[in-house]
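Below is one structure, written out as structure tokens; comments come after it.
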Amino acid sequence: MASSLSQTMANLKIDDIDEALYSRQLYVLGHEAMRSISGASVLISGVGGLGVEIAKNVILAGVKTVTIHDESCVRIEDLSSQFFLSVEDIGKNRAESSLLKLGELNSYVEVNSYLGPLKDEELKKYKVVVITDCQLVPFDDLMHINDFCRSHGIHFIFAEAKGVFGRIFCDFGEEFTVLDMDGEPPYQYQIHNIVKGKETEVFIDPEVHHQFDKGDSVMFSEVQGMTELNGLPPQQVASKGDHSIRIGDTSSFGDYKNGGLVTYVKKPVKMTFKCLRDSIKDPVYETICFNEKKLRQLHLAFLTLHEYFKKTQTLPNPWSVSDADHFLEIARSLQTSSPDSLADPIDETLLRKFSFTASGILSPVQSVIGGIVAQEVMKAISGKFKPINQWLYYDAIECLPDNDDDVSAMEVLSKPKNSRYDGQIAVFGEKFQEELAKAKLFLVGAGAIGCEMLKNWAMMGIAVGADGLVTITDMDSIEKSNLNRQFLFRPKDVGEMKSLTAAAAVRQMNPDMKICAHENRVGKETESVYDDNFFQGLTAVVNALDNVDARKYVDDRCVVNLKPMFDSGTLGARCSSQVVIPHLTKCYSDTKDAPEKSFPMCTLKHFPIAIEHTLQWARDEFEGLFKQSVETSAKYFAEPDFVEKTRKLDGCKPLELLKELNSVLVEMAPGSFEDCVKWARMKFQENYTNQIRQLLHVYPPDHVSKTGAPFWSGPKRCPTPLVFDEKDETHLDYVVAAANLVAQIFGYASRNREEIAKIAAGVKVDEFRPKSDVHIPANDEEAKEVAGKQSLDSDAVEQIEKIVAALPDRNKKLTLRPQDFEKDDDSNFHLDFIVAASNLRAMNYGITPADRHKSKLIVGKIIPAIATTTSVVVGLVCIELYKWLQGKRKIEAFKNAFINLATVNFILSRPTAASTKKYGDVEFTIWNRFEIDGDKTVQQLIQYFKETHNLNVDMIHYGTKCAVYAPGITKNPEERLRMTLRKAVEQASKEQLPSGVKSIKLQLGCYDENDEDKEIEVPWVLVNVS
């Protein structure tokens, strides 16, 4: 018996990848892996919480077909984790009841249900078979299925989640090829020199320590002079130095001139897997964060569970001592009859806890295991990333109640209540369920992490009580690319607000959940909404944010209000989580993030050596031509005194701003669409022909530097001017995009590509003659030196007057439409312009152009993302939330996570304790503060600290940059001393504090009485000004 959905969409050719939908996932997996995935059929047996989690992620990933198999009916405890079932489904088949909602996740995937026994004929249909419920598939049958899959080239995965414990087994056959073990870009380095000979030495950027090893294979590209190296088959590294490698004979090749890249070549890796029956006896473990002794204990525990079920046809009752005793008897019996792999002394405490909770169903644990399994399904299909070899065990035992001495009470509290939360009550008891029901949580963000978080909370029963509430806020609306990961959204929701849509979707999962959705950005501008009263009423704050500044702001608010914060993030196959616990851990802002990569200005303007440089140049060009200068021009019409105000600016700023006006209102301003094309054609000539010819006039190909070395040497590439050809696709791409952008700014209708090509071909271009008086800085130091000497001389003043005279009449209002860069709209010509502009510049400099997909990733600063990592990290965060809501307050109970699903690398570590500092004999951390009541004057505050704490205050700051009081910096410091703190902060920050703000956070600068140059670090100050 089978039924299906979405068959029409699923019949599309597998090469037709919808990049608008899968864009973020494509940056994780790549097109080849995605093509493999889109042609594969997957069977998932068992549609409980774990099975539906796996199915959800696999369907979002875009396989060809998913068949869900289940012969059992819905029970009330299924609702503890099966988010696509409802009370109305109780008594119905689990697969049939889940089919419709799973089918809605991805219209490209055919979703079927199968309700019969797993016979060989059915198994033959699939590329991957996943078994999730051994109560449905007896262990002997499971081994037969595994044997059958091995003999027919079908990849087999078996997974379980029992209470706080989980495990995964993978068997991908006797010989499985991994095409890419880690998914990271192969390391690549700029070449600085090549000394040819029988043994060739390749010198790499001396500021970089390369990662090449002897025996590695490398390939060369973009080498000038010794061009024979380009495109050669992979060359083996014979030996290496700190900044060089040696390869084979190049004595017959040409002489090296400059440029070039050397790139590591990844090699496929063969892996061998044992069958399930052999692997049970002689297991191979992924050690992740556990030692092998504990892994063997967990292996024994699961084997015991299956034997227990085989004997009793049930699982151990929750927290039953007698059942745990029986469980241990079976474990000892298995150990006696089993091989050396189970020879360790039994850890009775661990196995008892396993027995106590094995009947439990926890959505967060199933989220973790389900996310990992779904990623293994994709590995099996595509050969992308390292598979699990072969057993992976997980537990969250530290989140169990701290009541080892009161097991009998727990047995009573954990009995079934005919409640949808019975699966969770079996682990934690009914009193804890009441705590979850009255929790007040603030979820900041409703994207992928936010959607997964809400799903888990609905299953956990968070905020279902009269006093409970989840407040969620997100200022963004739904885009098509979100649908691949943010599973609460559907195509019909595109354009709607994320927070409102997510809240409505999660109410369908659990109608009792109290949730209030906002559309606000969380920041200083909304402190009247999310004020101190709001934060102080919360149980916890959970971040689902994608930028550092917002995280730091929320972190600061949590520190001020002594609230815990749970943060997480994903990057492709990697994810991490951090808990911030008052008085225990360091806060998020204590973590130092790597600075954003920037490029020297001269490299971007004149001497690019990599596609990243040309893309950044193109992005800057877009901003300058179509946004900043247009916004400046709009001010010319909006502000009557704009020109006069501009004239009064310092240095060369008047000329720079007026040149922006001229570039838009005189040079760019079209009278027709034909003028837009002419402007675009002339801009091509200026950027890719004339400027390059001017650069070569200043620095000819044979130019020698001051040291006598060739100027165009090492990584520095000598450019070549381009000659416009309307038949060249990239040349025409540029003109089409630039012309349409000008047309959008000035309100003209577009034309087709053929018409634009014809107009561009007819544009007359004057012969360019390089100027001899032009100086181009050779490096950034020289550029800074030149900039420091610039001022408004008589020629500049004359230029200003000419520009002002040529400006149009202000009274003839002109509507201008600045272009705000939007990477995900393929119809707006934004990305078209940047890709074309970058690739033309790459052609100038002999750099390999980048396709649209790669260009969008780099210039759009896109974060690669896939649903699996989101499932895993959210599950881990919810497990930490369990601990806080139980009242755990010891740092060793909590875990930060650093996960890489690509390499099966799991690090679960104790959070870093808050740093302790000291002034005098007083120790303090970020969680300590001075609290001052009343809106005192600045002078009174200084006197208070002198008299009460013997601290000499000479500086007071609000935020990181705002000096409330600082003699020598603050204007009129004597006047500032007499102000109240609130007024002083408002004057210094030039902002009114929201009316709901009851307190102000200040930082003090204090000095040592005996040494005024010696600063003393002290806790921050919380002033209660209300």
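Ordering of the structure tokens sets the chain letters (A, B, ...), residue numbers begin anew at 1 in every chain, and ligands are numbered from 1 in the order given.
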Using only C-alpha atoms, which protein or nucleic acid residues come within 7 Å of range 351-360 of chain A? Drop anything in the same chain fewer than 4 positions from it, and give the result as a PyMOL selection string. chain A and resi 162-163+301+315-320+324+327+347+423-424+426-427
Export of prior selection with N, CA and C atoms as a PDB file, in the first residue's frame:
```pdb
ATOM      1  N   LYS A 162      16.825   7.029  22.889  1.00  0.00           N
ATOM      2  CA  LYS A 162      16.087   6.521  24.052  1.00  0.00           C
ATOM      3  C   LYS A 162      16.383   7.419  25.244  1.00  0.00           C
ATOM      4  N   GLY A 163      15.386   8.189  25.670  1.00  0.00           N
ATOM      5  CA  GLY A 163      15.606   9.101  26.788  1.00  0.00           C
ATOM      6  C   GLY A 163      16.704  10.083  26.451  1.00  0.00           C
ATOM      7  N   ALA A 301      24.776  -1.128  26.992  1.00  0.00           N
ATOM      8  CA  ALA A 301      23.456  -0.686  27.452  1.00  0.00           C
ATOM      9  C   ALA A 301      22.404  -0.864  26.365  1.00  0.00           C
ATOM     10  N   LEU A 315       9.632  -1.940  27.318  1.00  0.00           N
ATOM     11  CA  LEU A 315      10.837  -1.264  27.794  1.00  0.00           C
ATOM     12  C   LEU A 315      10.770  -1.158  29.313  1.00  0.00           C
ATOM     13  N   PRO A 316      11.916  -0.953  29.977  1.00  0.00           N
ATOM     14  CA  PRO A 316      11.889  -0.764  31.434  1.00  0.00           C
ATOM     15  C   PRO A 316      10.992   0.416  31.808  1.00  0.00           C
ATOM     16  N   ASN A 317      10.236   0.252  32.879  1.00  0.00           N
ATOM     17  CA  ASN A 317       9.381   1.345  33.339  1.00  0.00           C
ATOM     18  C   ASN A 317      10.243   2.504  33.847  1.00  0.00           C
ATOM     19  N   PRO A 318       9.737   3.751  33.671  1.00  0.00           N
ATOM     20  CA  PRO A 318      10.518   4.919  34.084  1.00  0.00           C
ATOM     21  C   PRO A 318      10.898   4.869  35.562  1.00  0.00           C
ATOM     22  N   TRP A 319      12.159   4.993  35.847  1.00  0.00           N
ATOM     23  CA  TRP A 319      12.710   5.111  37.187  1.00  0.00           C
ATOM     24  C   TRP A 319      12.323   3.929  38.090  1.00  0.00           C
ATOM     25  N   SER A 320      12.084   2.767  37.484  1.00  0.00           N
ATOM     26  CA  SER A 320      11.735   1.572  38.251  1.00  0.00           C
ATOM     27  C   SER A 320      13.000   0.854  38.701  1.00  0.00           C
ATOM     28  N   ALA A 324      15.239  -1.869  36.650  1.00  0.00           N
ATOM     29  CA  ALA A 324      16.673  -1.597  36.476  1.00  0.00           C
ATOM     30  C   ALA A 324      17.508  -2.778  36.958  1.00  0.00           C
ATOM     31  N   PHE A 327      17.336  -5.278  34.302  1.00  0.00           N
ATOM     32  CA  PHE A 327      18.147  -4.758  33.200  1.00  0.00           C
ATOM     33  C   PHE A 327      19.629  -5.097  33.445  1.00  0.00           C
ATOM     34  N   ASP A 347      29.468  -0.374  34.538  1.00  0.00           N
ATOM     35  CA  ASP A 347      29.217   0.889  35.242  1.00  0.00           C
ATOM     36  C   ASP A 347      27.737   0.887  35.636  1.00  0.00           C
ATOM     37  N   GLY A 423       6.175  11.173  27.280  1.00  0.00           N
ATOM     38  CA  GLY A 423       7.526  10.761  26.915  1.00  0.00           C
ATOM     39  C   GLY A 423       8.584  11.561  27.646  1.00  0.00           C
ATOM     40  N   GLN A 424       8.325  12.829  27.881  1.00  0.00           N
ATOM     41  CA  GLN A 424       9.254  13.695  28.601  1.00  0.00           C
ATOM     42  C   GLN A 424       9.103  13.540  30.116  1.00  0.00           C
ATOM     43  N   ALA A 426       8.439  10.862  31.565  1.00  0.00           N
ATOM     44  CA  ALA A 426       9.129   9.619  31.917  1.00  0.00           C
ATOM     45  C   ALA A 426      10.578   9.870  32.305  1.00  0.00           C
ATOM     46  N   VAL A 427      11.177  10.950  31.804  1.00  0.00           N
ATOM     47  CA  VAL A 427      12.578  11.258  32.099  1.00  0.00           C
ATOM     48  C   VAL A 427      12.695  12.218  33.275  1.00  0.00           C
TER      49      VAL A 427
END
```
Residues near range 53-63 of chain A, anyone? I mean within 7 Å using only C-alpha atoms, not counting same-chain ones fewer than 2 positions away, as number ranges by chain. A: 37-41, 44, 49-51, 65-66, 102, 105-106, 108-109, 367, 370-371, 373-374, 484-485, 867-868
Which is closer to Pro234 in chain A than all the others in A:Glu496, A:Glu519, A:Asp216, A:Asp620, using only C-alpha atoms? A:Asp216
From range 181-294 of chain A, collect each residue whose DSSP state is alpha helix (DSSP H) and return the set as a PyMOL selection string. chain A and resi 276-281+292-294
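As for CA of Ser772 in chain A and CA of Gln694 in chain A, they are spaced 8.9 Å apart.
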Pick out the residues sitting within 9 Å of His210 in chain A, and hand them over as a list of chain:residue names; count only C-alpha atoms, and ignore anything fewer than 4 positions along from it in its own chain. A:Tyr187, A:Gln188, A:Tyr189, A:Ile204, A:Asp205, A:Asp242, A:His243, A:Ser244
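In this structure, CA of Thr250 in chain A sits 24.7 Å away from CA of Asp702 in chain A.
In this structure, CA of Gln939 in chain A sits 27.2 Å away from CA of Asp531 in chain A.
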I want to know what sits within 6 Å of range 117-129 of chain A, based on only C-alpha atoms, with residues of the same chain fewer than 2 positions away left out; could you give that as a VMD selection string? chain A and resid 41 to 43 154 to 156
Could those selected residues go to a file with N, CA and C atoms, as a PDB file, in the first residue's frame?
```pdb
ATOM      1  N   SER A  41      16.667   7.928  -3.989  1.00  0.00           N
ATOM      2  CA  SER A  41      15.462   7.531  -3.252  1.00  0.00           C
ATOM      3  C   SER A  41      15.864   6.995  -1.878  1.00  0.00           C
ATOM      4  N   VAL A  42      15.129   7.405  -0.853  1.00  0.00           N
ATOM      5  CA  VAL A  42      15.480   7.074   0.531  1.00  0.00           C
ATOM      6  C   VAL A  42      14.269   6.466   1.228  1.00  0.00           C
ATOM      7  N   LEU A  43      14.495   5.394   1.973  1.00  0.00           N
ATOM      8  CA  LEU A  43      13.473   4.795   2.820  1.00  0.00           C
ATOM      9  C   LEU A  43      13.784   5.116   4.279  1.00  0.00           C
ATOM     10  N   ILE A 154      23.112  -1.103  -1.348  1.00  0.00           N
ATOM     11  CA  ILE A 154      22.238  -0.111  -0.701  1.00  0.00           C
ATOM     12  C   ILE A 154      22.890   0.316   0.610  1.00  0.00           C
ATOM     13  N   HIS A 155      22.973   1.612   0.846  1.00  0.00           N
ATOM     14  CA  HIS A 155      23.598   2.121   2.069  1.00  0.00           C
ATOM     15  C   HIS A 155      22.600   2.019   3.227  1.00  0.00           C
ATOM     16  N   PHE A 156      23.113   1.587   4.374  1.00  0.00           N
ATOM     17  CA  PHE A 156      22.261   1.240   5.517  1.00  0.00           C
ATOM     18  C   PHE A 156      22.635   2.089   6.730  1.00  0.00           C
TER      19      PHE A 156
END
```
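Neighbours of Leu562 in chain A closer than or equal to 12 Å, with only C-alpha atoms counted and sequence neighbours fewer than 4 positions away skipped, come out as Asp532, Phe535, Gln536, Gly537, Leu538, Thr539, Ala540, Val541, Val554, Asp555, Asp556, Arg557, Cys558, Val580, Ile581, Pro582, His583, Leu584, Thr585, Cys587, Ile926, Trp927, Asn928, Arg929 and Leu1022 of chain A.
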